[in-house]
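Visitor: Hey, dropping query_21.cif in here, mmCIF, C-alpha atoms (C1' of nucleotides):
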data_start
#
loop_
_atom_site.label_atom_id
_atom_site.label_comp_id
_atom_site.auth_asym_id
_atom_site.auth_seq_id
_atom_site.Cartn_x
_atom_site.Cartn_y
_atom_site.Cartn_z
CA MET A 7 -0.32 6.25 -19.73
CA ARG A 8 -2.72 6.79 -16.84
CA ILE A 9 -2.11 9.09 -13.89
CA GLU A 10 -3.35 6.33 -11.59
CA ASP A 11 -0.50 4.06 -12.66
CA VAL A 12 2.04 6.84 -12.36
CA LEU A 13 0.87 7.56 -8.84
CA VAL A 14 1.18 3.91 -7.87
CA ALA A 15 4.77 3.95 -9.03
CA LEU A 16 5.56 7.21 -7.25
CA ASP A 17 4.08 6.28 -3.89
CA ASN A 18 7.09 4.38 -2.62
CA PRO A 19 10.28 5.68 -1.01
CA VAL A 20 12.58 3.30 -2.87
CA ARG A 21 11.13 4.11 -6.26
CA LEU A 22 11.20 7.82 -5.46
CA ARG A 23 14.90 7.47 -4.73
CA VAL A 24 15.40 5.68 -8.05
CA ILE A 25 13.59 8.41 -9.95
CA ARG A 26 15.60 11.14 -8.27
CA THR A 27 18.84 9.31 -8.98
CA LEU A 28 17.92 8.90 -12.63
CA ALA A 29 16.79 12.51 -12.86
CA ALA A 30 20.18 13.69 -11.69
CA GLY A 31 22.21 11.90 -14.33
CA GLU A 32 21.71 9.96 -17.50
CA GLU A 33 20.91 6.28 -17.87
CA MET A 34 22.45 3.95 -15.29
CA THR A 35 22.78 0.24 -14.68
CA CYS A 36 20.49 -1.33 -12.13
CA GLN A 37 23.24 -2.04 -9.69
CA GLU A 38 24.46 1.54 -9.81
CA ILE A 39 21.05 2.79 -8.74
CA LEU A 40 20.28 0.45 -5.84
CA PRO A 41 23.57 -1.19 -4.84
CA ASP A 42 22.43 -1.91 -1.30
CA MET A 43 19.20 -3.71 -2.12
CA THR A 44 18.55 -7.38 -2.79
CA LYS A 45 18.42 -8.17 -6.49
CA SER A 46 14.95 -9.66 -6.23
CA SER A 47 13.57 -6.62 -4.45
CA ALA A 48 15.22 -4.26 -6.89
CA SER A 49 13.89 -6.25 -9.83
CA HIS A 50 10.41 -5.89 -8.39
CA HIS A 51 10.75 -2.11 -8.43
CA TRP A 52 12.15 -2.07 -11.98
CA ARG A 53 9.06 -3.90 -13.11
CA VAL A 54 6.68 -1.46 -11.41
CA LEU A 55 8.57 1.51 -12.82
CA CYS A 56 8.55 0.04 -16.33
CA GLU A 57 4.98 -1.19 -16.41
CA ASN A 58 3.70 2.14 -15.16
CA GLY A 59 5.60 4.17 -17.71
CA ILE A 60 8.17 5.90 -15.52
CA VAL A 61 11.28 4.25 -16.87
CA GLU A 62 12.45 2.45 -19.99
CA GLN A 63 15.11 -0.20 -20.24
CA ARG A 64 17.96 -0.84 -22.63
CA ARG A 65 19.82 -4.13 -22.61
CA GLU A 66 23.54 -4.11 -23.33
CA GLY A 67 25.22 -7.44 -22.90
CA ARG A 68 24.41 -8.62 -19.43
CA TYR A 69 23.80 -5.11 -18.18
CA LEU A 70 20.44 -3.43 -18.06
CA TYR A 71 20.32 0.32 -18.32
CA LEU A 72 17.42 2.31 -16.94
CA ARG A 73 16.45 5.72 -18.22
CA LEU A 74 13.78 8.09 -16.99
CA ARG A 75 11.02 8.76 -19.54
CA ARG A 76 11.24 12.44 -18.82
CA ALA A 77 9.94 13.73 -22.14
CA ASP A 78 6.92 11.44 -22.11
CA LEU A 79 6.07 12.27 -18.52
CA ASP A 80 6.58 16.01 -18.97
CA SER A 81 4.37 16.16 -22.02
CA ARG A 82 1.65 13.93 -20.61
CA PHE A 83 1.66 15.21 -17.01
CA PRO A 84 3.58 18.49 -16.94
CA GLY A 85 4.86 19.43 -13.49
CA VAL A 86 4.55 16.01 -11.90
CA LEU A 87 8.13 14.93 -12.43
CA ASP A 88 9.43 18.32 -11.36
CA ALA A 89 7.40 18.10 -8.17
CA VAL A 90 9.01 14.76 -7.40
CA THR A 91 12.58 15.68 -8.21
CA ASN A 92 12.58 19.20 -6.80
CA GLY A 93 11.05 17.98 -3.55
CA MET B 4 3.96 20.16 2.70
CA ARG B 5 6.04 17.33 1.30
CA ILE B 6 5.51 15.70 -2.08
CA GLU B 7 5.91 12.30 -0.41
CA ASP B 8 2.84 12.93 1.72
CA VAL B 9 0.85 14.24 -1.21
CA LEU B 10 1.70 11.12 -3.20
CA VAL B 11 0.58 8.86 -0.37
CA ALA B 12 -2.77 10.62 -0.35
CA LEU B 13 -3.14 10.47 -4.13
CA ASP B 14 -2.33 6.79 -4.53
CA ASN B 15 -5.78 5.46 -3.72
CA PRO B 16 -8.84 5.15 -5.95
CA VAL B 17 -11.29 6.34 -3.31
CA ARG B 18 -9.29 9.44 -2.44
CA LEU B 19 -8.75 10.17 -6.12
CA ARG B 20 -12.50 10.11 -6.57
CA VAL B 21 -12.92 12.48 -3.63
CA ILE B 22 -10.39 14.90 -5.06
CA ARG B 23 -12.04 14.87 -8.46
CA THR B 24 -15.44 15.42 -6.92
CA LEU B 25 -14.17 18.35 -4.90
CA ALA B 26 -12.36 19.76 -7.92
CA ALA B 27 -15.59 19.83 -9.90
CA GLY B 28 -17.57 21.91 -7.42
CA GLU B 29 -17.05 23.88 -4.28
CA GLU B 30 -16.94 22.59 -0.72
CA MET B 31 -19.19 19.66 0.11
CA THR B 32 -20.30 17.72 3.14
CA CYS B 33 -18.68 14.37 3.76
CA GLN B 34 -21.82 12.43 3.05
CA GLU B 35 -22.32 14.17 -0.26
CA ILE B 36 -18.90 13.07 -1.43
CA LEU B 37 -18.97 9.40 -0.45
CA PRO B 38 -22.61 8.47 0.20
CA ASP B 39 -22.07 4.78 -0.49
CA MET B 40 -19.17 4.18 1.87
CA THR B 41 -19.14 3.23 5.53
CA LYS B 42 -18.70 6.21 7.80
CA SER B 43 -15.65 4.72 9.45
CA SER B 44 -13.95 4.05 6.14
CA ALA B 45 -14.80 7.49 4.84
CA SER B 46 -13.51 9.07 8.02
CA HIS B 47 -10.23 7.24 7.52
CA HIS B 48 -9.83 8.86 4.10
CA TRP B 49 -10.74 12.34 5.38
CA ARG B 50 -7.93 12.02 7.88
CA VAL B 51 -5.37 11.01 5.26
CA LEU B 52 -6.48 13.81 2.95
CA CYS B 53 -6.30 16.38 5.74
CA GLU B 54 -3.04 15.27 7.33
CA ASN B 55 -1.31 15.21 3.97
CA GLY B 56 -2.45 18.67 2.99
CA ILE B 57 -4.90 17.88 0.19
CA VAL B 58 -8.06 19.04 1.88
CA GLU B 59 -9.17 21.37 4.64
CA GLN B 60 -12.23 21.06 6.82
CA ARG B 61 -14.82 23.51 8.05
CA ARG B 62 -17.26 22.57 10.77
CA GLU B 63 -20.80 23.94 10.58
CA GLY B 64 -23.11 22.55 13.18
CA ARG B 65 -23.01 18.82 12.89
CA TYR B 66 -21.89 18.94 9.29
CA LEU B 67 -18.31 18.86 8.14
CA TYR B 68 -17.44 20.56 4.89
CA LEU B 69 -14.40 19.53 2.89
CA ARG B 70 -12.64 21.83 0.49
CA LEU B 71 -9.76 21.14 -1.83
CA ARG B 72 -6.62 23.16 -1.03
CA ARG B 73 -6.22 23.99 -4.67
CA ALA B 74 -4.29 27.24 -4.28
CA ASP B 75 -1.79 25.73 -1.86
CA LEU B 76 -1.27 22.66 -4.01
CA ASP B 77 -0.98 24.62 -7.25
CA SER B 78 1.58 27.02 -5.85
CA ARG B 79 3.62 24.36 -4.08
CA PHE B 80 3.42 21.63 -6.74
CA PRO B 81 2.18 23.20 -9.98
CA GLY B 82 0.68 20.72 -12.40
CA VAL B 83 0.13 17.88 -9.95
CA LEU B 84 -3.50 18.63 -9.20
CA ASP B 85 -4.25 19.24 -12.87
CA ALA B 86 -2.72 15.89 -13.76
CA VAL B 87 -5.01 14.19 -11.27
CA THR B 88 -8.21 15.98 -12.20
CA ASN B 89 -7.71 16.08 -15.96
CA GLY B 90 -6.87 12.40 -16.00
"C1'" DG C 4 -34.25 15.24 28.69
"C1'" DG C 5 -34.88 12.36 24.59
"C1'" DT C 6 -34.31 11.40 19.74
"C1'" DA C 7 -31.95 11.80 15.42
"C1'" DC C 8 -28.26 12.91 12.90
"C1'" DT C 9 -22.90 13.58 11.56
"C1'" DG C 10 -18.55 12.10 11.99
"C1'" DT C 11 -14.73 9.69 15.16
"C1'" DT C 12 -12.48 5.96 17.41
"C1'" DC C 13 -11.64 1.29 18.42
"C1'" DG C 14 -10.70 -3.58 17.52
"C1'" DA C 15 -10.60 -7.12 14.18
"C1'" DC C 16 -10.22 -8.96 9.61
"C1'" DT C 17 -8.46 -9.04 4.90
"C1'" DG C 18 -5.84 -8.12 0.89
"C1'" DT C 19 -1.82 -6.61 -1.02
"C1'" DA C 20 2.79 -4.65 -1.46
"C1'" DA C 21 7.61 -5.05 0.03
"C1'" DT C 22 11.15 -7.97 1.27
"C1'" DC C 23 14.19 -11.92 1.24
"C1'" DG C 24 16.71 -16.32 -0.19
"C1'" DA C 25 17.21 -19.79 -3.53
"C1'" DA C 26 16.99 -21.41 -7.97
"C1'" DC C 27 17.10 -20.06 -12.65
"C1'" DA C 28 18.17 -17.83 -17.51
"C1'" DG C 29 21.09 -15.25 -20.20
"C1'" DT C 30 25.50 -13.14 -21.37
"C1'" DA C 31 30.65 -12.59 -21.22
"C1'" DC C 32 35.02 -14.33 -20.93
"C1'" DC C 33 38.58 -17.77 -20.04
"C1'" DG D 3 32.63 -26.44 -21.52
"C1'" DG D 4 33.24 -23.97 -17.13
"C1'" DT D 5 33.13 -19.87 -14.30
"C1'" DA D 6 31.46 -15.37 -13.13
"C1'" DC D 7 28.41 -11.93 -13.50
"C1'" DT D 8 23.50 -9.45 -14.22
"C1'" DG D 9 18.90 -9.59 -13.57
"C1'" DT D 10 14.32 -12.66 -13.20
"C1'" DT D 11 11.14 -15.71 -11.08
"C1'" DC D 12 9.30 -18.34 -7.40
"C1'" DG D 13 7.58 -19.24 -2.75
"C1'" DA D 14 7.25 -17.64 1.86
"C1'" DT D 15 7.15 -14.13 5.29
"C1'" DT D 16 6.03 -9.61 7.07
"C1'" DA D 17 4.10 -5.08 7.45
"C1'" DC D 18 0.64 -2.05 6.51
"C1'" DA D 19 -3.42 0.07 4.35
"C1'" DG D 20 -8.33 -0.46 3.59
"C1'" DT D 21 -12.58 -2.09 5.25
"C1'" DC D 22 -16.25 -3.03 8.44
"C1'" DG D 23 -19.35 -2.97 12.68
"C1'" DA D 24 -20.09 -1.25 17.17
"C1'" DA D 25 -19.65 2.06 20.51
"C1'" DC D 26 -18.91 6.81 21.26
"C1'" DA D 27 -18.92 12.25 21.16
"C1'" DG D 28 -20.95 16.24 19.61
"C1'" DT D 29 -24.70 18.96 17.63
"C1'" DA D 30 -29.62 20.01 16.42
"C1'" DC D 31 -34.28 19.90 17.27
"C1'" DC D 32 -38.51 18.42 19.51
#
For the file at hand, write its structure as structure tokens.
Guide:
Amino acid sequence: MRIEDVLVALDNPVRLRVIRTLAAGEEMTCQEILPDMTKSSASHHWRVLCENGIVEQRREGRYLYLRLRRADLDSRFPGVLDAVTNG
Amino acid sequence: MRIEDVLVALDNPVRLRVIRTLAAGEEMTCQEILPDMTKSSASHHWRVLCENGIVEQRREGRYLYLRLRRADLDSRFPGVLDAVTNG
DNA sequence: GGTACTGTTCGACTGTAATCGAACAGTACC
DNA sequence: GGTACTGTTCGATTACAGTCGAACAGTACC
């Protein structure tokens, strides 16, 4: 988990919104998080968030649940996630 | 000082290198920090770093000294700068 | 004033990320 | 099997950031 990758994922208004949404509650389905966005665009952001270690997925039937990797991020880069979510 | 702006400034390998260089020592002249880069390109990065609150400038004759705004960043977003500099 | 230096600004080019629609794969349910 | 839904992948378009060279502004020093 490299800070460079985390920063790539964080430097985007859509992904920042996703992270803040996930930080507020528990795991959510993709459509719950970005209902207004095209599925292809949203899928692109899921991939970036996953590959860069911000989020992990859980498949349940045809639904995909996203969950913030808060513990991993807090232990590896303490303060970063708080800075993002607290503004 | 918004976290969004800070993240924009941090998501770039050149600027990350500048920040780490400045974090190691004290204030430095522009040319000391990026001796290998075109002046116009370097100047572009100074502007981003300044406008987004990462760095402050001090003019001395024809030299420009850059200094990391460590105290401001640490108090506003504790942990972020450490995450960047410590890897 | 003239020369040498530091950094800025401008225009142009290039590469890449974000976006979309359409086609697809997988699952659920009838 | 057929239909409906979730999310992925592909190709194409668009917008923007990074880069460069050239011209410029300001300072220093002779």
Visitor: Find the residues around DA6 of chain D up to 12 Å (all atoms listed in the file counted), leave out those fewer than 3 positions away in its own chain, and share them as number ranges by chain.
Guide: A: 68; C: 30-33
Visitor: I'd like the interatomic distance between atom C1' of DG4 of chain C and atom C1' of DA25 of chain D, to a tenth of an Å.
Guide: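 Atom-to-atom, atom C1' of DG4 of chain C and atom C1' of DA25 of chain D are spaced 21.3 Å apart.
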Visitor: Near chain B, meaning an atom within 9 Å, which residues of chain A appear when counting all atoms listed in the file? Write them as a list in words.
Guide: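 Residues passing the distance filter: Arg8, Ile9, Glu10, Asp11, Val12, Leu13, Val14, Ala15, Leu16, Asp17, Asn18, Pro19, Leu22, Arg82, Phe83, Pro84, Gly85, Val86, Leu87, Asp88, Ala89, Val90 and Gly93 of chain A.
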Visitor: Carefully work through the PyMOL selection byres ((chain A) within 9 of (chain C)) for this structure and note down the residues it includes, as number ranges by chain.
Guide: A: 44, 46-47, 50, 67-69
Visitor: Let's have chain B fitted on chain A; use all the C-alpha atoms paired in order for the least-squares step and return it as a tab-separated table (two decimals) with C-alpha atoms, keeping the file's coordinate frame.
Guide:
chain	number	residue	atom	x	y	z
B	4	MET	CA	-0.32	6.25	-19.73
B	5	ARG	CA	-2.72	6.80	-16.86
B	6	ILE	CA	-2.10	9.09	-13.91
B	7	GLU	CA	-3.35	6.33	-11.61
B	8	ASP	CA	-0.50	4.07	-12.68
B	9	VAL	CA	2.05	6.84	-12.38
B	10	LEU	CA	0.86	7.57	-8.85
B	11	VAL	CA	1.17	3.92	-7.86
B	12	ALA	CA	4.76	3.95	-9.03
B	13	LEU	CA	5.56	7.22	-7.27
B	14	ASP	CA	4.11	6.29	-3.89
B	15	ASN	CA	7.11	4.38	-2.60
B	16	PRO	CA	10.30	5.67	-1.00
B	17	VAL	CA	12.59	3.30	-2.87
B	18	ARG	CA	11.14	4.12	-6.28
B	19	LEU	CA	11.21	7.82	-5.46
B	20	ARG	CA	14.90	7.48	-4.74
B	21	VAL	CA	15.41	5.68	-8.05
B	22	ILE	CA	13.59	8.41	-9.95
B	23	ARG	CA	15.61	11.14	-8.29
B	24	THR	CA	18.83	9.32	-9.00
B	25	LEU	CA	17.92	8.89	-12.64
B	26	ALA	CA	16.80	12.51	-12.87
B	27	ALA	CA	20.20	13.70	-11.70
B	28	GLY	CA	22.22	11.91	-14.36
B	29	GLU	CA	21.71	9.96	-17.51
B	30	GLU	CA	20.92	6.27	-17.86
B	31	MET	CA	22.44	3.94	-15.29
B	32	THR	CA	22.77	0.24	-14.68
B	33	CYS	CA	20.47	-1.32	-12.13
B	34	GLN	CA	23.24	-2.05	-9.69
B	35	GLU	CA	24.47	1.51	-9.81
B	36	ILE	CA	21.07	2.79	-8.76
B	37	LEU	CA	20.31	0.45	-5.86
B	38	PRO	CA	23.59	-1.19	-4.84
B	39	ASP	CA	22.44	-1.92	-1.30
B	40	MET	CA	19.21	-3.72	-2.12
B	41	THR	CA	18.54	-7.38	-2.80
B	42	LYS	CA	18.41	-8.17	-6.49
B	43	SER	CA	14.95	-9.65	-6.22
B	44	SER	CA	13.58	-6.61	-4.45
B	45	ALA	CA	15.23	-4.25	-6.89
B	46	SER	CA	13.89	-6.25	-9.80
B	47	HIS	CA	10.40	-5.89	-8.36
B	48	HIS	CA	10.75	-2.10	-8.43
B	49	TRP	CA	12.15	-2.05	-11.98
B	50	ARG	CA	9.04	-3.89	-13.10
B	51	VAL	CA	6.68	-1.44	-11.41
B	52	LEU	CA	8.59	1.53	-12.82
B	53	CYS	CA	8.56	0.06	-16.32
B	54	GLU	CA	4.98	-1.18	-16.40
B	55	ASN	CA	3.70	2.15	-15.16
B	56	GLY	CA	5.60	4.17	-17.71
B	57	ILE	CA	8.18	5.91	-15.52
B	58	VAL	CA	11.27	4.24	-16.87
B	59	GLU	CA	12.46	2.46	-19.99
B	60	GLN	CA	15.11	-0.21	-20.24
B	61	ARG	CA	17.95	-0.85	-22.63
B	62	ARG	CA	19.81	-4.13	-22.62
B	63	GLU	CA	23.54	-4.10	-23.33
B	64	GLY	CA	25.20	-7.43	-22.88
B	65	ARG	CA	24.42	-8.62	-19.42
B	66	TYR	CA	23.80	-5.12	-18.16
B	67	LEU	CA	20.44	-3.43	-18.05
B	68	TYR	CA	20.32	0.33	-18.33
B	69	LEU	CA	17.41	2.31	-16.94
B	70	ARG	CA	16.44	5.71	-18.22
B	71	LEU	CA	13.79	8.08	-16.99
B	72	ARG	CA	11.02	8.75	-19.54
B	73	ARG	CA	11.24	12.43	-18.81
B	74	ALA	CA	9.94	13.73	-22.13
B	75	ASP	CA	6.92	11.44	-22.11
B	76	LEU	CA	6.08	12.26	-18.51
B	77	ASP	CA	6.58	16.00	-18.95
B	78	SER	CA	4.38	16.18	-22.02
B	79	ARG	CA	1.66	13.93	-20.62
B	80	PHE	CA	1.66	15.21	-17.03
B	81	PRO	CA	3.57	18.51	-16.92
B	82	GLY	CA	4.84	19.42	-13.49
B	83	VAL	CA	4.53	15.99	-11.90
B	84	LEU	CA	8.11	14.92	-12.43
B	85	ASP	CA	9.41	18.31	-11.34
B	86	ALA	CA	7.39	18.09	-8.15
B	87	VAL	CA	8.98	14.75	-7.38
B	88	THR	CA	12.56	15.67	-8.20
B	89	ASN	CA	12.55	19.19	-6.77
B	90	GLY	CA	11.03	17.94	-3.55
Visitor: Any chance you could model N, CA and C atoms for segment 30-41 of chain B and send them as a CSV table (one decimal), in the coordinates of the input?
Guide:
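This went into out35.csv:
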chain,number,residue,atom,x,y,z
B,30,GLU,N,-17.0,23.5,-1.9
B,30,GLU,CA,-16.9,22.6,-0.7
B,30,GLU,C,-18.2,21.8,-0.6
B,31,MET,N,-18.1,20.6,0.0
B,31,MET,CA,-19.2,19.7,0.1
B,31,MET,C,-19.1,19.0,1.5
B,32,THR,N,-20.3,18.5,1.9
B,32,THR,CA,-20.3,17.7,3.1
B,32,THR,C,-19.7,16.3,2.9
B,33,CYS,N,-19.3,15.7,3.9
B,33,CYS,CA,-18.7,14.4,3.8
B,33,CYS,C,-19.6,13.4,3.1
B,34,GLN,N,-20.9,13.4,3.6
B,34,GLN,CA,-21.8,12.4,3.0
B,34,GLN,C,-22.1,12.7,1.6
B,35,GLU,N,-22.1,13.9,1.2
B,35,GLU,CA,-22.3,14.2,-0.3
B,35,GLU,C,-21.2,13.6,-1.1
B,36,ILE,N,-20.0,13.5,-0.6
B,36,ILE,CA,-18.9,13.1,-1.4
B,36,ILE,C,-18.8,11.5,-1.6
B,37,LEU,N,-19.0,10.9,-0.4
B,37,LEU,CA,-19.0,9.4,-0.4
B,37,LEU,C,-20.2,8.8,0.2
B,38,PRO,N,-21.4,8.9,-0.4
B,38,PRO,CA,-22.6,8.5,0.2
B,38,PRO,C,-22.7,6.9,0.4
B,39,ASP,N,-21.9,6.2,-0.5
B,39,ASP,CA,-22.1,4.8,-0.5
B,39,ASP,C,-21.1,4.1,0.5
B,40,MET,N,-20.2,4.8,1.1
B,40,MET,CA,-19.2,4.2,1.9
B,40,MET,C,-19.5,4.2,3.4
B,41,THR,N,-19.0,3.3,4.1
B,41,THR,CA,-19.1,3.2,5.5
B,41,THR,C,-18.5,4.5,6.1
